[in-house]
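Novice: Would you mind keeping the following structure in view while I ask a few things?
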Amino acid sequence: MKRVLVDSLAYGKQFLRSKIGAFFTFIFPLLLILLFGAVFANVGSSTFDLPVQDLDDSGMSHALLAALGNTTVVRISMVSAGTNLQEHIRSNSLSVALQIPAGFERSILLSLAANGTAWANVTVFGDPSRSAYQAVIGVVRAVAEQMNFGLVRARPIVGVDTASVVSAQFQAIDFFVPGIIGITVMTNALYIMTGMCAEYRTRKYFKLLATTTLTKAEWLTSKILWFSMILLVSFFITIAVGIWAWGVHVRIDAISIAFVVVGVILFASMGMVLGSFVKDPESASAVANAIGFPMMFLSGSFWQLEVMPPYLQAVARVFPLTYMNDGLRDIMVLGNVDRGLVNLAIMAVLAAIFFVVGAKAMSWKER
Amino acid sequence: MAEAVIEVKGLAKHYPGKKAVDGVEFEVRKGQVFSLLGPNGAGKTTTVEILEGLRTPTSGTATVLGHDIAKDYRAIRGRVGVLPQEFEPFDRLTPSEAVAYWGRLFNRSLSKEDVRHRIEEVGLTDRAKVQAVKLSGGEKRRLGIAMSLVGDPELLFLDEPTTGLDPKARRDLWALIRRIESEGRTVFLTTHYLDEAEELADDVAIMHKGKIVARGAPQDLVARSGSRTTIILRGAGPEGLNEVTRRGIPATLSDGDVLVRVADPAQMKPILAKLSALEIPLKDMYTKRGTLEDVFLSLIGAKMEEGVLRE
């Protein structure tokens with residue numbers, strides 16, 4: 001055990017003196033959490049700009065605009081009546097605009113008088129591919145519906161209540177934290193281990209180590225110990241910065257820590273397997289990228305798997321990082337311990353398989 | 001006779017289409033510098049790596065410090081020091097850190113004073129706190145020797161320790177190797193530098209195409225090759241050769257120089273007297289002792305190019 005600690009500390013000194021290692025362990029996750037936090041911390045309270053052309057300029061059109069304004073979801077700006085609205089949208093690259101037609105109030109009054117056989121429509125112009133367009137349509141429909149109820153003095157009978165499955169205080173950024181942790185563990189353990197194995201073989205460090213009393217198992221354990229140590233430090237720093245900067249709410253317990261340690265064993269072992277077959281550090285980098293990049297983007301680190309087409313979801317299920325991201329979310333965000341433990345068990349089995357294969361594939365001796 | 005620390009019998013390492021080591025046999029005695037000498041590709045490194053436990057032989061047996069290398073090398077790991085060919089230290093550790101770290105890998109807990117002493121032994125005191133990436137080739141090699149000695153080994157393998165070093169760095173390393181020998185350790189040295197083997201080795205095995213082709217102390221090998229000492233009449237030319245042979249002295253012509261080989265040391269004085277009496281134009285006359293280069297020339301046709309053996 002002494003040799004493991006000594007080797008781990010000697011490697012640690014070298015690791016910390018290499019600026020690349022320190023960047024990927026400490027700076028990279030902080031950059032991610034600060035950037036994602038800036039983008040997603042306020043999701044749910046977004047306000048959309050809504051240019052409105054009121055061709056009716058009546059009491060009813062003013063009432064509709066006041067109701068829209070009260071939602072706080074849209075920020076209304078007026079477009080003059082003489083402007084070609086569609087041309088205005090195109091020339092200003094707008095996502096959406098609302099037009100209240102001339103005769104809007106008259107149509108409402110006629111409809112009331114005719115007992116609902118006539119219509120008073122407003123038109124939402126815009127680009128359906130933009131999320132603001134869909135959001136504004138929803139708001140306008142909801143406000144129009146409320147106005148209808150008011151005009152006919154009716155009250156809605158069937159309503160829809162919403163209830164979050166997670167505690168009310170969770171925000172979108174909370175869901176990204178596990179992904180950031182997963183990516184950090186994966187990039188450090190997989191990329192560095194792949195490169196290290198190639199470098200140790202090319203520079204004959206393995207041969208050198210083989211002349212000492214250190215065993216291959218001790219060497220592997222020392223690397224896993226080091227990565228576990230620094231990635232746990234990185235884990236706590238990342239969450240602390242997330243709490244400080246964005247008020248992140250996540251649970252930290254023994255299982256989430258176990259995810260980091262098992263993740264290190266799993267990805268370091270994968271790195272060992274890859275590193276055993278590449279010829280030099282340059283090839284190692286290419287191979288690690290070829291595996292790591294698709295895994296980073298398809299394993300649900302940045303978005304939910306459900307938004308991807310079914311065949312990509314199937315691919316994602318092959319990547320071990322998917323189970324780490326899902327498991328960490330289960331434990332840290334959703335509080336679903338049972339599902340989290342299932343994901344942890346899957347990772348542990350994969351880690352054991354890769355560890356055995358890696359240890360067999362990696363040779364310190366010449367053939 | 002001192003006990004054998006290495007015994008090799010019928011050792012072979014075959015690769016598809018190549019016999020890197022082809023049934024070699026030798027033993028190395030305790031406390032001596034044994035040199036495995038040969039041109040590049042002769043099979044020296046393959047042999048030494050088998051003895052270091054870094055390669056598995058195809059056939060044959062070898063014992064190191066009384067242990068069969070195929071069965072229980074782990075038992076002697078701590079008693080053997082190794083400086084591999086093209087040794088590279090860990091870039092981001094200083095020599096002091098590397099020596100302390102390596103010591104722990106040999107189950108030695110070195111105090112700061114111990115580390116300082118070991119760094120001083122190899123002349124790296126001024127560079128003790130500099131990261132290895134900034135050391136010169138010679139300094140790296142000296143650090144390698146400090147690391148290989150850190151477990152106080154009984155047997156030290158040095159594989160081409162001076163390759164690529166400047167003349168001063170080579171001489172410094174030679175002095176260090178002599179000191180290691182004087183401490184009673186056995187040194188197994190592979191080299192393709194003839195002068196290195198002549199300077200350091202008590203016992204030499206010459207390897208060629210995977211086989212040991214000659215074996216013995218450097219001076220014995222030279223004597224056996226039949227070229228003990230040569231008298232050289234520089235610039236004497238064919239005319240000088242005629243004059244020399246006419247007086248019954250066997251001689252040869254080489255690049256305009258007349259070479260007189262003296263097989264029996266007792267004949268040296270009378271031959272020199274006869275040659276001094278000759279009235280022939282020449283630029284210089286001097287004697288040259290037989291060297292391992294002559295042994296190589298006679299055995300395998302190898303010659304020296306810039307101090308390195310070439311076939």
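Just so we're on the same page: first chain in the structure tokens is A, next is B, and so on; residues restart at 1 for each chain, and ligands are numbered from 1 in the order they show up.
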As a list in words, list the residues of region 222-297 of chain B assigned to strand (DSSP E or B) by DSSP on the backbone atoms of this structure.
Specialist: Thr229, Thr230, Ile231, Ile232, Leu233, Arg234, Thr252, Leu253, Ser254, Asp257, Val258, Leu259, Val260, Arg261, Val262, Asp284, Met285, Tyr286, Thr287, Lys288 and Arg289 of chain B
Novice: For region 77-84 of chain B, list every protein, DNA or RNA residue within 10 Å, evaluated using only C-alpha atoms, and leave out those in the same chain fewer than 6 positions away; present the list as a PyMOL selection string.
Specialist: (chain A and resi 204-205+207-208+210-214) or (chain B and resi 45+48-49+52-53+64-65+105-108+141-161+186-189)
Novice: Return the single residue from B:Ala100, B:Leu253, B:Ala42, B:Ala12 that is closest to chain A, with distances computed using only C-alpha atoms.
Specialist: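 When distances to chain A are compared using only C-alpha atoms, the smallest one comes from B:Ala100.
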Novice: Give the alpha helix (DSSP H) residues of region 59-138 of chain A, as DSSP finds them on the backbone, and put them as a ChimeraX atom specification.
Specialist: /A:59-70,85-91,104-113,131-138
Novice: Using only C-alpha atoms, determine which residues lie at most 8 Å from Gly240 (chain B), disregarding the query and same-chain residues fewer than 4 positions distant; provide the list as an mmCIF file with N, CA and C atoms, in the first residue's frame.
Specialist:
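New file part_24.cif:
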data_model
loop_
_atom_site.group_PDB
_atom_site.id
_atom_site.type_symbol
_atom_site.label_atom_id
_atom_site.label_comp_id
_atom_site.auth_asym_id
_atom_site.auth_seq_id
_atom_site.Cartn_x
_atom_site.Cartn_y
_atom_site.Cartn_z
ATOM 1 N N ALA B 236 56.041 5.574 -45.481
ATOM 2 C CA ALA B 236 57.219 4.875 -46.033
ATOM 3 C C ALA B 236 56.977 4.354 -47.448
ATOM 4 N N VAL B 244 62.111 -3.008 -45.824
ATOM 5 C CA VAL B 244 61.817 -3.717 -44.572
ATOM 6 C C VAL B 244 61.829 -5.223 -44.801
ATOM 7 N N VAL B 258 53.739 1.569 -43.811
ATOM 8 C CA VAL B 258 54.230 0.196 -43.675
ATOM 9 C C VAL B 258 53.918 -0.274 -42.247
ATOM 10 N N ILE B 280 65.348 5.218 -45.184
ATOM 11 C CA ILE B 280 64.212 5.440 -46.096
ATOM 12 C C ILE B 280 63.451 6.687 -45.642
ATOM 13 N N PRO B 281 62.875 7.407 -46.654
ATOM 14 C CA PRO B 281 62.117 8.605 -46.259
ATOM 15 C C PRO B 281 60.769 8.210 -45.616
#
Novice: Name all residues at most 12 Å from Arg178 (chain B) (count only C-alpha atoms; drop same-chain ones fewer than 2 positions away) and give them as a list of chain:residue names.
Specialist: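 My list of contacting residues is B:Gly31, B:Gln32, B:Val33, B:Arg171, B:Asp172, B:Leu173, B:Trp174, B:Ala175, B:Leu176, B:Ile180, B:Glu181, B:Ser182, B:Glu183, B:Gly184, B:Arg185, B:Thr186, B:Val187, B:Leu189, B:Glu196, B:Ala197, B:Glu199, B:Leu200, B:Ala201, B:Asp202.
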Novice: Please write the residues from the selection above to a file, keeping C-alpha atoms, as a CSV table (one decimal), in the first residue's frame.
Specialist:
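Result file is selection-v4.csv:
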chain,number,residue,atom,x,y,z
B,31,GLY,CA,32.4,-7.9,-8.5
B,32,GLN,CA,33.5,-7.6,-12.1
B,33,VAL,CA,32.5,-5.3,-15.0
B,171,ARG,CA,34.6,10.1,-19.2
B,172,ASP,CA,32.6,11.3,-16.2
B,173,LEU,CA,30.3,8.3,-16.5
B,174,TRP,CA,33.3,5.9,-16.8
B,175,ALA,CA,34.7,7.3,-13.6
B,176,LEU,CA,31.4,6.7,-12.0
B,180,ILE,CA,30.6,1.4,-8.6
B,181,GLU,CA,32.9,-1.5,-9.4
B,182,SER,CA,35.2,-0.5,-6.5
B,183,GLU,CA,32.3,-0.8,-4.1
B,184,GLY,CA,32.2,-4.5,-4.9
B,185,ARG,CA,29.1,-4.4,-7.1
B,186,THR,CA,28.8,-6.4,-10.4
B,187,VAL,CA,28.3,-4.3,-13.5
B,189,LEU,CA,27.6,-3.3,-19.4
B,196,GLU,CA,34.5,1.9,-23.4
B,197,ALA,CA,34.8,-1.9,-23.1
B,199,GLU,CA,38.6,1.0,-20.5
B,200,LEU,CA,36.0,-0.5,-18.1
B,201,ALA,CA,35.5,-4.3,-18.6
B,202,ASP,CA,37.3,-7.1,-16.8
Novice: Please provide the set of residues having any atom within 12 Å of Gly82 (chain A), restricted to only C-alpha atoms, with same-chain residues fewer than 4 positions apart removed, written as a list in words.
Specialist: Gln53, Asp54, Leu55, Met78, Glu87 and His88 of chain A
Novice: Just write the chosen residues, N, CA and C atoms, as a CSV table (one decimal), in the first residue's frame.
Specialist:
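Written file, result-v4.csv:
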chain,number,residue,atom,x,y,z
A,53,GLN,N,-49.1,45.3,-33.8
A,53,GLN,CA,-49.7,46.3,-34.7
A,53,GLN,C,-51.2,46.4,-34.4
A,54,ASP,N,-51.7,47.4,-33.8
A,54,ASP,CA,-53.1,47.5,-33.4
A,54,ASP,C,-53.8,48.4,-34.5
A,55,LEU,N,-54.5,47.7,-35.4
A,55,LEU,CA,-55.1,48.4,-36.5
A,55,LEU,C,-56.6,48.8,-36.1
A,78,MET,N,-45.1,48.7,-29.8
A,78,MET,CA,-46.1,49.0,-30.8
A,78,MET,C,-45.5,49.3,-32.2
A,87,GLU,N,-43.3,42.6,-43.7
A,87,GLU,CA,-42.0,43.2,-44.2
A,87,GLU,C,-41.2,43.6,-43.0
A,88,HIS,N,-41.9,44.2,-42.0
A,88,HIS,CA,-41.2,44.7,-40.8
A,88,HIS,C,-40.6,43.5,-40.0
Novice: What is the distance, in Å and to one decimal place, between CA of Thr229 (chain B) and CA of Lys211 (chain B)?
Specialist: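 Between these atoms lies a distance of 28.0 Å.
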Novice: Residues of chain A within 12 Å of chain B, counting only C-alpha atoms - could you list those as a ChimeraX atom specification?
Specialist: /A:1-19,199-215,218-219,363-367
Novice: Could the residues in this selection be saved with N, CA and C atoms as a compact mmCIF listing (two decimals), in the first residue's frame?
Specialist:
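Result written to selection_25.txt:
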# COMPACT_ATOMS: atom_id res chain seq x y z
N MET A 1 0.83 -1.21 0.00
CA MET A 1 0.00 0.00 0.00
C MET A 1 0.87 1.27 0.00
N LYS A 2 2.04 1.15 0.70
CA LYS A 2 2.94 2.30 0.74
C LYS A 2 3.39 2.68 -0.67
N ARG A 3 3.72 1.64 -1.45
CA ARG A 3 4.20 1.90 -2.81
C ARG A 3 3.11 2.57 -3.64
N VAL A 4 1.85 2.16 -3.42
CA VAL A 4 0.73 2.76 -4.15
C VAL A 4 0.65 4.25 -3.83
N LEU A 5 0.74 4.58 -2.55
CA LEU A 5 0.65 5.99 -2.14
C LEU A 5 1.82 6.79 -2.69
N VAL A 6 3.02 6.21 -2.61
CA VAL A 6 4.21 6.92 -3.10
C VAL A 6 4.08 7.17 -4.61
N ASP A 7 3.67 6.15 -5.34
CA ASP A 7 3.53 6.29 -6.79
C ASP A 7 2.43 7.30 -7.13
N SER A 8 1.37 7.26 -6.34
CA SER A 8 0.25 8.17 -6.57
C SER A 8 0.69 9.62 -6.35
N LEU A 9 1.43 9.84 -5.29
CA LEU A 9 1.88 11.21 -4.99
C LEU A 9 2.91 11.69 -6.01
N ALA A 10 3.80 10.79 -6.43
CA ALA A 10 4.80 11.17 -7.43
C ALA A 10 4.10 11.53 -8.73
N TYR A 11 3.09 10.74 -9.09
CA TYR A 11 2.35 11.05 -10.32
C TYR A 11 1.58 12.36 -10.14
N GLY A 12 1.01 12.54 -8.94
CA GLY A 12 0.25 13.75 -8.66
C GLY A 12 1.07 15.01 -8.83
N LYS A 13 2.31 14.97 -8.38
CA LYS A 13 3.20 16.13 -8.54
C LYS A 13 3.36 16.46 -10.02
N GLN A 14 3.60 15.41 -10.80
CA GLN A 14 3.79 15.63 -12.23
C GLN A 14 2.51 16.14 -12.87
N PHE A 15 1.39 15.59 -12.44
CA PHE A 15 0.10 15.96 -13.00
C PHE A 15 -0.19 17.45 -12.74
N LEU A 16 0.03 17.86 -11.51
CA LEU A 16 -0.29 19.24 -11.16
C LEU A 16 0.70 20.22 -11.80
N ARG A 17 1.91 19.75 -12.07
CA ARG A 17 2.88 20.62 -12.74
C ARG A 17 2.60 20.72 -14.24
N SER A 18 1.79 19.78 -14.76
CA SER A 18 1.40 19.89 -16.16
C SER A 18 0.12 20.70 -16.20
N LYS A 19 0.19 21.85 -16.85
CA LYS A 19 -0.95 22.78 -16.79
C LYS A 19 -2.20 22.21 -17.47
N GLU A 199 2.16 7.20 -23.81
CA GLU A 199 3.42 7.89 -23.51
C GLU A 199 4.36 6.99 -22.69
N TYR A 200 3.82 6.28 -21.73
CA TYR A 200 4.67 5.42 -20.89
C TYR A 200 5.30 4.31 -21.72
N ARG A 201 4.56 3.85 -22.74
CA ARG A 201 5.14 2.80 -23.56
C ARG A 201 6.19 3.39 -24.51
N THR A 202 5.84 4.53 -25.17
CA THR A 202 6.76 5.14 -26.12
C THR A 202 8.06 5.57 -25.44
N ARG A 203 7.93 6.17 -24.26
CA ARG A 203 9.13 6.67 -23.57
C ARG A 203 9.75 5.61 -22.67
N LYS A 204 9.24 4.41 -22.76
CA LYS A 204 9.78 3.25 -22.03
C LYS A 204 9.70 3.40 -20.51
N TYR A 205 8.73 4.17 -20.04
CA TYR A 205 8.54 4.29 -18.58
C TYR A 205 8.02 2.96 -18.01
N PHE A 206 7.22 2.25 -18.80
CA PHE A 206 6.71 0.96 -18.30
C PHE A 206 7.87 0.00 -18.05
N LYS A 207 8.83 0.00 -19.00
CA LYS A 207 9.99 -0.87 -18.84
C LYS A 207 10.75 -0.47 -17.58
N LEU A 208 10.88 0.84 -17.41
CA LEU A 208 11.61 1.35 -16.24
C LEU A 208 10.92 0.92 -14.95
N LEU A 209 9.60 1.05 -14.95
CA LEU A 209 8.84 0.67 -13.75
C LEU A 209 8.92 -0.84 -13.52
N ALA A 210 9.00 -1.59 -14.63
CA ALA A 210 9.06 -3.05 -14.49
C ALA A 210 10.33 -3.50 -13.80
N THR A 211 11.35 -2.62 -13.76
CA THR A 211 12.61 -3.00 -13.10
C THR A 211 12.55 -2.74 -11.59
N THR A 212 11.45 -2.16 -11.12
CA THR A 212 11.31 -1.88 -9.68
C THR A 212 10.45 -2.97 -9.03
N THR A 213 10.18 -2.76 -7.76
CA THR A 213 9.34 -3.76 -7.08
C THR A 213 7.85 -3.43 -7.22
N LEU A 214 7.54 -2.31 -7.89
CA LEU A 214 6.13 -1.92 -8.09
C LEU A 214 5.46 -2.89 -9.06
N THR A 215 4.26 -3.35 -8.70
CA THR A 215 3.55 -4.25 -9.62
C THR A 215 2.61 -3.45 -10.51
N GLU A 218 -0.43 -2.42 -8.61
CA GLU A 218 -0.18 -1.27 -7.72
C GLU A 218 -0.15 0.02 -8.52
N TRP A 219 0.45 -0.04 -9.69
CA TRP A 219 0.52 1.16 -10.53
C TRP A 219 -0.89 1.61 -10.93
N SER A 363 0.81 -4.32 -21.28
CA SER A 363 1.99 -5.12 -20.94
C SER A 363 3.17 -4.20 -20.68
N TRP A 364 3.88 -4.45 -19.60
CA TRP A 364 5.09 -3.68 -19.32
C TRP A 364 6.30 -4.30 -19.98
N LYS A 365 6.16 -5.55 -20.40
CA LYS A 365 7.29 -6.25 -20.98
C LYS A 365 7.26 -6.15 -22.50
N GLU A 366 8.41 -6.34 -23.11
CA GLU A 366 8.47 -6.47 -24.57
C GLU A 366 8.02 -7.87 -24.92
N ARG A 367 7.43 -7.97 -26.10
CA ARG A 367 6.96 -9.31 -26.49
C ARG A 367 8.09 -10.10 -27.14
Novice: Near region 66-72 of chain A, counting only C-alpha atoms, which residues have an atom at most 12 Å away, once you skip same-chain residues fewer than 4 positions from it, shown as an NGL selection string?
Specialist: :A and (44-52 or 59-62 or 76-77 or 98 or 136-147 or 150)
Novice: For CA of Val307 (chain A) and CA of Ser95 (chain A), quote the distance in Å rounded to one decimal.
Specialist: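 Going from CA of Val307 (chain A) over to CA of Ser95 (chain A) covers 22.4 Å.
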Novice: Choose the residue, out of A:Ala198, A:Ala254, A:Val264, A:Val318, that has the smallest atom-to-atom separation from Val337 (chain A); count only C-alpha atoms.
Specialist: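 With only C-alpha atoms as the atom set, the closest residue is A:Ala254.
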Novice: One decimal, Å: what's the distance from CA of Leu275 (chain B) over to CA of Arg246 (chain B), could you say?
Specialist: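 These atoms are spaced 11.4 Å apart.
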